[in-house]
$ cat data-v5.cif   # mmCIF, C-alpha atoms
data_protein
#
loop_
_atom_site.label_atom_id
_atom_site.label_comp_id
_atom_site.auth_asym_id
_atom_site.auth_seq_id
_atom_site.Cartn_x
_atom_site.Cartn_y
_atom_site.Cartn_z
CA MET C 1 0.00 0.00 0.00
CA SER C 2 2.77 2.45 0.90
CA PHE C 3 4.36 1.67 -2.47
CA ILE C 4 1.18 2.87 -4.19
CA VAL C 5 0.90 6.01 -2.04
CA ASP C 6 4.58 6.79 -2.67
CA TYR C 7 4.22 6.82 -6.45
CA TYR C 8 0.50 7.34 -7.10
CA ASN C 9 0.87 11.08 -7.75
CA TYR C 10 3.61 10.56 -10.31
CA TRP C 11 1.62 7.87 -12.09
CA ILE C 12 -1.40 10.13 -12.38
CA VAL C 13 0.92 12.87 -13.66
CA VAL C 14 2.23 10.54 -16.35
CA PHE C 15 -1.32 9.49 -17.23
CA LEU C 16 -2.49 13.11 -17.57
CA MET C 17 0.60 14.01 -19.56
CA MET C 18 -0.01 11.14 -21.96
CA ALA C 19 -3.72 12.00 -22.24
CA GLY C 20 -2.76 15.55 -23.21
CA PHE C 21 -0.08 14.31 -25.58
CA TYR C 22 -2.54 11.92 -27.24
CA ILE C 23 -5.05 14.72 -27.79
CA VAL C 24 -2.35 16.96 -29.29
CA ILE C 25 -1.15 14.37 -31.80
CA SER C 26 -4.46 12.72 -32.68
CA ALA C 27 -7.03 15.54 -32.65
CA ASN C 28 -7.79 17.27 -35.90
CA ASN C 29 -9.48 20.31 -34.43
CA LEU C 30 -7.12 23.08 -33.33
CA VAL C 31 -9.22 24.16 -30.32
CA LYS C 32 -9.12 20.59 -29.01
CA LYS C 33 -5.38 20.46 -29.59
CA ILE C 34 -5.02 23.52 -27.36
CA VAL C 35 -7.13 21.86 -24.65
CA GLY C 36 -4.75 18.89 -24.94
CA LEU C 37 -1.73 21.16 -24.55
CA ASN C 38 -3.32 22.65 -21.45
CA ILE C 39 -3.87 19.23 -19.93
CA PHE C 40 -0.23 18.39 -20.65
CA GLN C 41 0.75 21.64 -18.96
CA THR C 42 -1.33 21.06 -15.81
CA SER C 43 0.23 17.62 -15.44
CA VAL C 44 3.60 19.33 -15.11
CA PHE C 45 2.12 21.72 -12.53
CA MET C 46 0.79 18.73 -10.62
CA MET C 47 4.21 17.12 -10.64
CA TYR C 48 5.97 20.19 -9.22
CA ILE C 49 3.40 20.64 -6.46
CA SER C 50 3.60 16.93 -5.59
CA ILE C 51 7.37 17.22 -5.26
CA GLY C 52 6.94 20.23 -2.97
CA LYS C 53 4.61 18.48 -0.53
CA VAL C 54 6.02 17.42 2.84
CA GLN C 55 4.00 14.88 4.76
CA GLY C 56 2.56 16.40 7.93
CA GLY C 57 3.63 19.82 6.67
CA SER C 58 1.45 22.88 6.44
CA ALA C 59 0.92 25.60 3.83
CA PRO C 60 4.05 27.83 3.76
CA ILE C 61 2.54 30.72 5.70
CA VAL C 62 4.10 31.28 9.11
CA ALA C 63 1.71 30.51 11.96
CA ASP C 64 2.15 29.80 15.65
CA GLY C 65 2.63 26.21 16.68
CA ILE C 66 3.52 24.90 13.22
CA THR C 67 6.97 23.41 12.82
CA SER C 68 6.88 21.77 9.40
CA TYR C 69 6.06 23.61 6.19
CA SER C 70 5.78 22.37 2.63
CA ASN C 71 8.40 23.61 0.18
CA PRO C 72 7.43 27.13 -1.04
CA LEU C 73 9.73 27.15 -4.08
CA PRO C 74 7.64 24.91 -6.40
CA HIS C 75 4.58 26.95 -5.44
CA VAL C 76 6.25 30.14 -6.66
CA LEU C 77 7.35 28.56 -9.92
CA ILE C 78 3.92 27.12 -10.68
CA LEU C 79 1.92 30.16 -9.59
CA THR C 80 3.62 32.31 -12.18
CA ALA C 81 3.57 29.49 -14.74
CA ILE C 82 -0.24 29.28 -14.52
CA VAL C 83 -0.70 32.96 -15.39
CA VAL C 84 1.93 32.81 -18.13
CA GLY C 85 0.19 29.62 -19.33
CA VAL C 86 -3.17 31.30 -19.81
CA ALA C 87 -1.53 34.24 -21.58
CA THR C 88 0.25 31.94 -24.04
CA THR C 89 -2.93 29.86 -24.48
CA ALA C 90 -4.66 33.08 -25.45
CA VAL C 91 -2.03 33.68 -28.16
CA GLY C 92 -2.69 30.14 -29.44
CA LEU C 93 -6.44 30.71 -29.50
CA ALA C 94 -5.95 34.05 -31.27
CA LEU C 95 -3.96 32.24 -33.97
CA VAL C 96 -6.80 29.71 -34.27
CA VAL C 97 -9.27 32.56 -34.79
CA ARG C 98 -7.08 34.02 -37.53
CA ILE C 99 -6.71 30.61 -39.19
CA LYS C 100 -10.48 30.28 -39.19
CA ARG C 101 -10.75 33.66 -40.89
CA ALA C 102 -8.12 32.90 -43.50
CA TYR C 103 -9.14 29.32 -44.36
CA GLY C 104 -12.74 29.05 -43.14
CA THR C 105 -11.93 25.97 -41.11
CA VAL C 106 -9.98 24.93 -38.02
CA GLU C 107 -9.72 21.24 -38.94
CA GLU C 108 -6.09 20.49 -39.58
CA ASN C 109 -6.49 18.19 -42.60
CA GLU C 110 -8.89 20.62 -44.32
CA PHE C 111 -6.67 23.68 -44.24
CA GLU C 112 -3.65 21.58 -45.11
CA ASP C 113 -5.50 20.48 -48.26
CA LYS C 114 -6.19 24.12 -49.08
CA ASP C 115 -2.52 24.91 -48.55
CA ALA C 116 -1.57 22.14 -50.97
CA LEU C 117 -3.77 23.68 -53.69
CA ILE C 118 -1.99 27.03 -53.53
CA MET G 1 -6.58 11.32 5.35
CA VAL G 2 -4.63 13.70 3.13
CA GLU G 3 -3.51 10.72 1.07
CA LEU G 4 -7.07 9.44 0.70
CA ILE G 5 -8.38 12.82 -0.54
CA ASP G 6 -5.39 13.00 -2.87
CA LEU G 7 -6.14 9.52 -4.21
CA VAL G 8 -9.81 10.32 -4.91
CA LEU G 9 -9.26 13.79 -6.41
CA LEU G 10 -6.44 12.68 -8.69
CA GLY G 11 -8.57 9.76 -9.81
CA MET G 12 -11.38 12.16 -10.73
CA LEU G 13 -8.88 14.33 -12.59
CA ALA G 14 -7.71 11.35 -14.62
CA ILE G 15 -11.30 10.40 -15.50
CA THR G 16 -12.04 13.97 -16.62
CA ALA G 17 -8.96 13.99 -18.85
CA LEU G 18 -9.96 10.61 -20.32
CA ARG G 19 -13.45 11.89 -21.11
CA VAL G 20 -12.03 14.93 -22.93
CA ILE G 21 -10.26 12.60 -25.37
CA PHE G 22 -13.46 10.97 -26.60
CA LEU G 23 -15.84 13.92 -26.67
CA LYS G 24 -16.60 15.41 -30.07
CA ASP G 25 -18.70 18.30 -28.75
CA LEU G 26 -16.18 21.05 -28.12
CA PHE G 27 -18.55 23.02 -25.89
CA ALA G 28 -18.63 20.03 -23.53
CA VAL G 29 -14.84 19.73 -23.82
CA VAL G 30 -14.38 23.31 -22.67
CA MET G 31 -16.84 22.85 -19.79
CA LEU G 32 -15.02 19.68 -18.72
CA PHE G 33 -11.78 21.60 -18.88
CA GLY G 34 -13.23 24.17 -16.46
CA LEU G 35 -14.13 21.28 -14.16
CA TYR G 36 -10.63 19.93 -14.58
CA SER G 37 -9.21 23.27 -13.43
CA PHE G 38 -11.40 23.31 -10.34
CA LEU G 39 -10.34 19.77 -9.47
CA SER G 40 -6.69 20.79 -9.90
CA ALA G 41 -7.28 23.73 -7.55
CA LEU G 42 -8.70 21.36 -4.93
CA ILE G 43 -5.68 19.08 -5.27
CA PHE G 44 -3.34 22.06 -4.89
CA VAL G 45 -5.10 23.02 -1.63
CA ASN G 46 -4.75 19.46 -0.42
CA LEU G 47 -1.03 19.54 -1.22
CA ASP G 48 -0.57 22.79 0.78
CA ALA G 49 -0.13 25.01 -2.28
CA VAL G 50 -2.82 27.53 -1.36
CA ASP G 51 -1.43 30.35 -3.50
CA VAL G 52 -1.30 28.10 -6.53
CA ALA G 53 -4.83 26.84 -5.92
CA PHE G 54 -6.04 30.41 -5.77
CA THR G 55 -4.43 31.22 -9.10
CA GLU G 56 -5.65 28.04 -10.77
CA ALA G 57 -9.24 28.62 -9.64
CA ALA G 58 -9.25 32.21 -10.91
CA VAL G 59 -7.38 31.53 -14.16
CA GLY G 60 -8.42 28.02 -15.13
CA ALA G 61 -12.07 28.12 -14.28
CA GLY G 62 -12.53 31.81 -15.01
CA ILE G 63 -10.43 33.40 -17.74
CA SER G 64 -9.33 30.44 -19.83
CA THR G 65 -12.86 29.01 -20.01
CA VAL G 66 -14.21 32.35 -21.22
CA LEU G 67 -11.44 32.66 -23.83
CA MET G 68 -12.03 29.12 -25.12
CA LEU G 69 -15.79 29.72 -25.33
CA GLY G 70 -15.05 32.94 -27.20
CA THR G 71 -12.94 31.00 -29.68
CA LEU G 72 -15.66 28.37 -30.09
CA ALA G 73 -18.19 31.10 -30.85
CA LEU G 74 -15.97 32.06 -33.79
CA THR G 75 -14.90 28.61 -34.99
CA GLY G 76 -17.89 26.34 -34.37
CA ARG G 77 -18.60 23.88 -31.59
CA LYS G 78 -18.41 20.54 -33.36
CA GLU G 79 -15.26 18.62 -34.03
CA LYS G 80 -15.53 16.87 -37.39
CA ALA G 81 -15.20 13.11 -37.49
CA ASN G 82 -11.61 12.10 -37.84
CA ASN G 83 -11.01 9.58 -40.60
CA HIS G 84 -7.34 8.85 -40.17
CA THR G 85 -6.41 6.01 -37.88
CA ALA G 86 -5.65 6.68 -34.21
CA LEU G 87 -3.42 3.63 -33.93
CA LEU G 88 -0.06 5.32 -34.40
CA PRO G 89 -0.66 8.12 -31.84
CA LEU G 90 -1.92 5.50 -29.38
CA LEU G 91 1.21 3.43 -29.85
CA VAL G 92 3.49 6.45 -29.39
CA VAL G 93 1.62 7.48 -26.24
CA ILE G 94 1.69 4.00 -24.70
CA ILE G 95 5.41 3.56 -25.30
CA THR G 96 6.25 7.04 -23.97
CA GLY G 97 3.95 6.54 -20.99
CA ALA G 98 5.48 3.16 -20.14
CA ALA G 99 8.97 4.65 -20.26
CA LEU G 100 7.90 7.52 -18.00
CA ILE G 101 6.18 5.19 -15.51
CA TYR G 102 9.40 3.18 -15.39
CA GLY G 103 11.21 6.46 -14.75
CA THR G 104 8.94 7.41 -11.83
CA LEU G 105 10.19 4.38 -9.89
CA ASP G 106 13.49 6.24 -9.48
CA MET G 107 11.70 9.29 -8.05
CA PRO G 108 11.97 9.92 -4.31
CA PRO G 109 8.82 8.72 -2.48
CA PHE G 110 5.99 11.26 -2.34
CA GLY G 111 5.95 13.64 0.64
CA HIS G 112 9.08 12.38 2.37
CA PRO G 113 10.77 15.21 4.35
CA ASP G 114 14.27 13.99 3.35
CA ASN G 115 13.62 14.28 -0.40
CA PRO G 116 16.31 16.13 -2.36
CA ALA G 117 13.88 18.92 -3.28
CA HIS G 118 13.62 19.90 0.39
CA GLN G 119 17.38 19.98 1.01
CA HIS G 120 18.69 22.74 -1.22
CA VAL G 121 17.35 26.30 -0.82
CA ALA G 122 13.98 25.47 0.73
CA PRO G 123 15.19 25.27 4.36
CA ARG G 124 16.71 28.71 4.01
CA TYR G 125 13.47 30.17 2.61
CA ILE G 126 11.46 28.56 5.40
CA GLU G 127 13.76 29.49 8.27
CA GLU G 128 15.23 32.84 7.19
CA SER G 129 12.56 34.54 5.08
CA PRO G 130 10.25 35.48 8.01
CA LYS G 131 13.25 37.26 9.61
CA GLU G 132 14.94 38.63 6.47
CA ILE G 133 11.80 39.77 4.63
CA GLY G 134 9.45 40.01 7.58
CA LEU G 135 6.44 38.51 5.81
CA PRO G 136 4.51 35.47 7.02
CA ASN G 137 3.70 34.28 3.50
CA MET G 138 6.90 32.61 2.27
CA VAL G 139 5.52 32.23 -1.25
CA THR G 140 5.25 36.02 -1.56
CA SER G 141 8.74 36.48 -0.11
CA VAL G 142 10.27 34.08 -2.60
CA LEU G 143 8.18 35.34 -5.53
CA ALA G 144 8.72 39.05 -5.02
CA SER G 145 12.11 39.22 -3.37
CA TYR G 146 14.41 36.18 -3.64
CA ARG G 147 13.27 35.34 -7.15
CA ALA G 148 12.25 38.84 -8.25
CA PHE G 149 14.28 38.54 -11.48
CA ASP G 150 12.34 35.48 -12.50
CA THR G 151 9.02 37.15 -11.72
CA LEU G 152 10.02 40.24 -13.72
CA GLY G 153 10.61 37.95 -16.69
CA GLU G 154 7.23 36.31 -16.25
CA THR G 155 5.43 39.64 -15.99
CA ALA G 156 7.16 40.65 -19.22
CA VAL G 157 5.96 37.40 -20.86
CA VAL G 158 2.35 38.15 -19.87
CA PHE G 159 2.77 41.64 -21.33
CA ALA G 160 4.28 40.23 -24.53
CA ALA G 161 1.47 37.68 -24.88
CA ALA G 162 -1.10 40.46 -24.57
CA ILE G 163 0.70 42.40 -27.35
CA GLY G 164 0.69 39.23 -29.45
CA VAL G 165 -3.05 38.69 -29.06
CA LEU G 166 -3.86 42.33 -29.74
CA SER G 167 -1.75 42.45 -32.88
CA LEU G 168 -3.53 39.29 -34.11
CA LEU G 169 -7.08 40.28 -33.18
CA GLY G 170 -7.15 44.04 -32.66
CA MET G 171 -8.96 46.07 -29.99
CA PRO G 172 -12.65 47.03 -30.05
CA LYS G 173 -13.39 50.62 -30.93
CA PRO G 174 -14.65 52.50 -27.87
CA GLY G 175 -18.20 53.76 -27.91
CA GLY G 176 -19.37 51.41 -30.66
CA VAL G 177 -23.03 50.83 -31.41
CA ALA G 178 -24.60 49.02 -28.47
CA ILE G 179 -25.82 45.70 -29.79
CA ASP G 180 -28.03 44.20 -27.11
CA SER G 181 -26.26 41.29 -25.54
CA GLY G 182 -28.44 38.22 -25.39
CA LEU G 183 -27.83 38.02 -21.68
CA LYS G 184 -29.16 41.51 -21.06
CA SER G 185 -32.76 40.36 -21.09
CA HIS G 186 -32.21 38.05 -18.12
CA LEU G 187 -33.31 40.10 -15.13
CA VAL G 188 -31.89 37.69 -12.54
CA LEU G 189 -28.50 37.63 -14.22
CA ARG G 190 -28.41 41.42 -14.38
CA VAL G 191 -29.31 41.90 -10.73
CA VAL G 192 -26.89 39.23 -9.52
CA ALA G 193 -24.09 40.60 -11.70
CA LYS G 194 -24.64 44.08 -10.30
CA LEU G 195 -24.30 42.68 -6.78
CA VAL G 196 -21.34 40.44 -7.51
CA ILE G 197 -19.14 42.77 -9.59
CA PRO G 198 -18.39 45.38 -6.87
CA MET G 199 -17.69 42.60 -4.38
CA THR G 200 -15.32 40.94 -6.82
CA ILE G 201 -13.38 44.15 -7.37
CA LEU G 202 -13.21 44.75 -3.61
CA PHE G 203 -11.99 41.19 -3.14
CA ALA G 204 -9.34 41.71 -5.81
CA LEU G 205 -8.04 44.74 -3.91
CA TYR G 206 -7.98 42.72 -0.69
CA VAL G 207 -6.06 39.92 -2.40
CA GLN G 208 -3.65 42.46 -3.88
CA PHE G 209 -2.74 44.13 -0.60
CA HIS G 210 -3.17 41.22 1.78
CA GLY G 211 -1.02 38.90 -0.33
CA ASP G 212 1.97 39.53 1.92
CA TYR G 213 0.17 38.02 4.89
CA GLY G 214 -2.16 35.40 3.46
CA PRO G 215 -2.49 33.62 0.15
CA GLY G 216 -2.74 36.04 -2.74
CA GLY G 217 -0.73 38.72 -4.51
CA GLY G 218 -0.55 40.64 -7.74
CA PHE G 219 -1.07 37.71 -10.13
CA GLN G 220 -4.27 36.53 -8.46
CA ALA G 221 -5.60 40.04 -7.86
CA GLY G 222 -5.04 41.06 -11.48
CA VAL G 223 -6.88 38.00 -12.76
CA ILE G 224 -9.80 38.45 -10.34
CA ALA G 225 -10.20 42.14 -11.20
CA ALA G 226 -10.11 41.32 -14.91
CA ALA G 227 -12.75 38.61 -14.34
CA ALA G 228 -15.04 41.21 -12.75
CA VAL G 229 -14.86 43.48 -15.83
CA ILE G 230 -15.24 40.47 -18.14
CA LEU G 231 -18.44 39.51 -16.29
CA TYR G 232 -19.65 43.08 -16.76
CA ALA G 233 -18.89 42.92 -20.48
CA LEU G 234 -20.65 39.56 -20.85
CA VAL G 235 -23.84 40.68 -19.12
CA PHE G 236 -24.11 44.32 -20.17
CA GLY G 237 -22.40 44.19 -23.55
CA LEU G 238 -18.95 45.11 -24.81
CA PRO G 239 -19.62 48.79 -25.69
CA LEU G 240 -20.55 49.61 -22.09
CA ALA G 241 -17.51 47.77 -20.77
CA THR G 242 -15.18 49.62 -23.15
CA HIS G 243 -16.78 52.79 -21.85
CA VAL G 244 -15.81 51.89 -18.29
CA VAL G 245 -12.31 50.63 -19.06
CA ARG G 246 -11.11 52.11 -22.33
CA PRO G 247 -8.96 49.88 -24.58
CA ASN G 248 -6.34 52.61 -24.99
CA PHE G 249 -6.14 53.00 -21.23
CA LEU G 250 -5.46 49.25 -20.95
CA LYS G 251 -2.53 49.52 -23.35
CA VAL G 252 -0.95 52.19 -21.15
CA LEU G 253 -1.73 50.21 -18.00
CA ALA G 254 -0.11 47.00 -19.26
CA ALA G 255 3.14 48.80 -20.05
CA LEU G 256 2.98 50.82 -16.84
CA GLY G 257 2.97 47.73 -14.62
CA VAL G 258 6.15 46.32 -16.16
CA LEU G 259 7.66 49.80 -15.97
CA ILE G 260 6.87 50.10 -12.24
CA TYR G 261 8.45 46.70 -11.64
CA ALA G 262 11.62 47.39 -13.60
CA GLY G 263 11.69 50.95 -12.25
CA THR G 264 11.88 49.61 -8.70
CA GLY G 265 14.89 47.59 -9.74
CA VAL G 266 16.56 50.63 -11.30
CA THR G 267 15.78 52.71 -8.20
CA SER G 268 17.59 50.21 -6.00
CA PHE G 269 20.50 50.54 -8.47
CA PHE G 270 20.73 54.26 -7.85
CA LEU G 271 20.49 53.83 -4.09
CA GLY G 272 23.62 51.69 -4.18
CA GLY G 273 22.17 48.16 -4.13
CA ASN G 274 21.91 45.44 -6.73
CA PHE G 275 19.07 45.34 -9.28
CA LEU G 276 15.84 44.57 -7.36
CA ASP G 277 17.63 44.55 -4.00
CA TYR G 278 15.00 46.16 -1.77
CA ASN G 279 17.20 46.39 1.34
CA VAL G 280 18.42 49.81 0.23
CA LEU G 281 14.96 51.30 -0.32
CA ALA G 282 14.68 52.32 3.36
CA SER G 283 17.11 52.74 6.23
CA ASP G 284 15.83 49.51 7.80
CA PRO G 285 16.30 46.54 5.41
CA VAL G 286 13.06 44.83 6.49
CA VAL G 287 11.05 48.01 5.87
CA GLY G 288 12.83 48.33 2.51
CA GLN G 289 11.77 44.79 1.64
CA HIS G 290 8.16 45.63 2.54
CA ILE G 291 8.12 48.72 0.34
CA GLY G 292 9.75 46.90 -2.55
CA ILE G 293 7.36 43.97 -2.40
CA ILE G 294 4.23 46.13 -2.19
CA VAL G 295 5.35 48.25 -5.15
CA ILE G 296 6.29 45.38 -7.44
CA GLU G 297 3.18 43.37 -6.49
CA PHE G 298 1.19 46.43 -7.52
CA GLY G 299 3.07 46.52 -10.82
CA ILE G 300 2.35 42.82 -11.40
CA GLY G 301 -1.31 43.37 -10.50
CA ILE G 302 -1.93 46.10 -13.04
CA THR G 303 0.00 44.38 -15.83
CA VAL G 304 -1.86 41.11 -15.31
CA PHE G 305 -5.21 42.93 -15.08
CA ALA G 306 -4.57 44.92 -18.25
CA ALA G 307 -3.19 41.92 -20.14
CA MET G 308 -6.09 39.59 -19.25
CA LEU G 309 -8.74 42.19 -19.96
CA GLY G 310 -6.98 43.28 -23.17
CA ILE G 311 -6.90 39.67 -24.37
CA PHE G 312 -10.61 39.33 -23.64
CA TYR G 313 -11.33 42.59 -25.50
CA GLY G 314 -9.43 41.21 -28.48
CA PHE G 315 -11.61 38.09 -28.64
CA ALA G 316 -14.80 40.04 -27.97
CA ALA G 317 -13.97 42.52 -30.76
CA GLN G 318 -13.55 39.64 -33.21
CA ALA G 319 -16.88 38.15 -32.16
CA GLU G 320 -18.63 41.48 -32.58
CA ARG G 321 -17.10 42.04 -36.02
CA THR G 322 -18.26 38.60 -37.14
CA ASN G 323 -21.78 39.28 -35.83
CA ILE G 324 -22.03 42.52 -37.80
CA GLN G 325 -20.96 40.78 -41.00
#
$ encode --input "data-v5.cif" --output "structure tokens"
Amino acid sequence: MSFIVDYYNYWIVVFLMMAGFYIVISANNLVKKIVGLNIFQTSVFMMYISIGKVQGGSAPIVADGITSYSNPLPHVLILTAIVVGVATTAVGLALVVRIKRAYGTVEENEFEDKDALI
Amino acid sequence: MVELIDLVLLGMLAITALRVIFLKDLFAVVMLFGLYSFLSALIFVNLDAVDVAFTEAAVGAGISTVLMLGTLALTGRKEKANNHTALLPLLVVIITGAALIYGTLDMPPFGHPDNPAHQHVAPRYIEESPKEIGLPNMVTSVLASYRAFDTLGETAVVFAAAIGVLSLLGMPKPGGVAIDSGLKSHLVLRVVAKLVIPMTILFALYVQFHGDYGPGGGFQAGVIAAAAVILYALVFGLPLATHVVRPNFLKVLAALGVLIYAGTGVTSFFLGGNFLDYNVLASDPVVGQHIGIIVIEFGIGITVFAAMLGIFYGFAAQAERTNIQ
């Protein structure tokens, strides 16, 4: 049982990462691809936060009577990464909107066909 | 108990991700992704990362869902049936996944206090930062002071992303013709929005200035404040919202935040310290740290607010243009 608890978080991280990866390489629709990228990204967040957790620790805000805190460093890295992540996702979505306007479709195979005609 | 909650929540997260793969209705995909963000936020709370959970709840379930729905409104909500075989991607994913699972067995066991990650700089942050910086929230101390360089870079990335979106999509023209938003006819929605929006803005200010003591800070506050204006735009229509917060004003604001941040660094230069060394900002180093952190958190807050709202304006302007055509 302790073996499962020790590695469970990492296994879920790998599962989420692969789910996101699968969506990115198999989906045809660009919006869905971006959702896949986001799932991939959150799996990395999950991994960092899992590494930062200390058993029996508390949130890294000083309080009386608490001796053990979780590691604040991964929290800092991921906090900023989430905001940067949504900003870059927005750039991706903006590109999708422009592709829709230029080609009339956001299905990858369809606009690739149109590209081939040119 | 913590482990049990962790087990259940992560399991739910995995199921949500699995469902996203097979759904063809993109509207449902986006909704599930909002759910996925909320679940992640819960897991972050459970793993003691309260600041991160805060950010994820505001960003993932708020802003990114709205942006994705905005994109769907422009690109259509159905994914077309995919005729090429999914066998090769599946094979690639299974092989990569197996290799990674094999790799996890070399990872240090979850949550152990002797893990390498807790040996390097973390003990110093935990033991020294309350004395050196004088703030109870270590995440804020590390974010705004020890790793201020890094955070400056990230604020600049948010700013750059906003420029990218605006150059792709363009801003709405202020004072355009008020097309009645479909939501405007819902009385309940209008009344509730009017009640909620001021509270949200007040809460954003609290998060901004209380971030040194509790969870919160400029990133979260900026996102929450932007969400309040986005809600206003969704319920009362874009022209009214652009009247309240003008697009040109946002452009200035986004640049101003980065400027305040970098300006603090340059100020500490001229006072004889290193770049972004707040100790020299006042005669007492701890007071100097306080001033520095409040100022740069404010800079972060306004850049993130302006960038998020500007990005939303970009998408909303596109949607409006398409509607007129």
$ residues_around --input "data-v5.cif" --residues "stretch 132-146 of chain G" --least-positions-apart "4" --cutoff "9 Å" --atoms "only C-alpha atoms" --output "PyMOL selection string"
(chain C and resi 60-63+72-73+75-77+80) or (chain G and resi 51+125-126+128+150-152+211-217+276-278+285-290+292-294+296-297)
$ residues_around --input "data-v5.cif" --residues "C:Tyr48" --least-positions-apart "6" --cutoff "12 Å" --atoms "only C-alpha atoms" --output "PDB file with C-alpha atoms, in the frame of the given file"
ATOM      1  CA  ASN C   9       0.870  11.080  -7.750  1.00  0.00           C
ATOM      2  CA  TYR C  10       3.610  10.560 -10.310  1.00  0.00           C
ATOM      3  CA  VAL C  13       0.920  12.870 -13.660  1.00  0.00           C
ATOM      4  CA  GLN C  41       0.750  21.640 -18.960  1.00  0.00           C
ATOM      5  CA  THR C  42      -1.330  21.060 -15.810  1.00  0.00           C
ATOM      6  CA  ASN C  71       8.400  23.610   0.180  1.00  0.00           C
ATOM      7  CA  PRO C  72       7.430  27.130  -1.040  1.00  0.00           C
ATOM      8  CA  LEU C  73       9.730  27.150  -4.080  1.00  0.00           C
ATOM      9  CA  PRO C  74       7.640  24.910  -6.400  1.00  0.00           C
ATOM     10  CA  HIS C  75       4.580  26.950  -5.440  1.00  0.00           C
ATOM     11  CA  VAL C  76       6.250  30.140  -6.660  1.00  0.00           C
ATOM     12  CA  LEU C  77       7.350  28.560  -9.920  1.00  0.00           C
ATOM     13  CA  ILE C  78       3.920  27.120 -10.680  1.00  0.00           C
ATOM     14  CA  LEU C  79       1.920  30.160  -9.590  1.00  0.00           C
ATOM     15  CA  ALA C  81       3.570  29.490 -14.740  1.00  0.00           C
TER      16      ALA C  81
ATOM     17  CA  PHE G  44      -3.340  22.060  -4.890  1.00  0.00           C
ATOM     18  CA  LEU G  47      -1.030  19.540  -1.220  1.00  0.00           C
ATOM     19  CA  ALA G  49      -0.130  25.010  -2.280  1.00  0.00           C
ATOM     20  CA  VAL G  52      -1.300  28.100  -6.530  1.00  0.00           C
ATOM     21  CA  PHE G 110       5.990  11.260  -2.340  1.00  0.00           C
ATOM     22  CA  GLY G 111       5.950  13.640   0.640  1.00  0.00           C
ATOM     23  CA  ALA G 117      13.880  18.920  -3.280  1.00  0.00           C
TER      24      ALA G 117
END
$ interface_residues --input "data-v5.cif" --of "chain C" --to "chain G" --cutoff "7 Å" --atoms "all atoms listed in the file" --output "PyMOL selection string"
chain C and resi 6-7+10-12+14+16+18-19+22-23+25-26+28-29+49-51+53-55+58-62+70-73+75-76+78-80+82-84+86-88+90-91+93-94+97+100+106
$ resolve_selection --input "data-v5.cif" --expression "the PyMOL selection byres ((chain G and resi 260) around 12)" --output "ChimeraX atom specification"
/G:152,155-156,253-259,261-267,276,292-303
$ resolve_selection --input "data-v5.cif" --expression "the PyMOL selection byres ((chain C and resi 37) around 8)" --output "list in words"
Gly20, Phe21, Ile23, Val24, Lys33, Ile34, Val35, Gly36, Asn38, Ile39, Phe40 and Gln41 of chain C
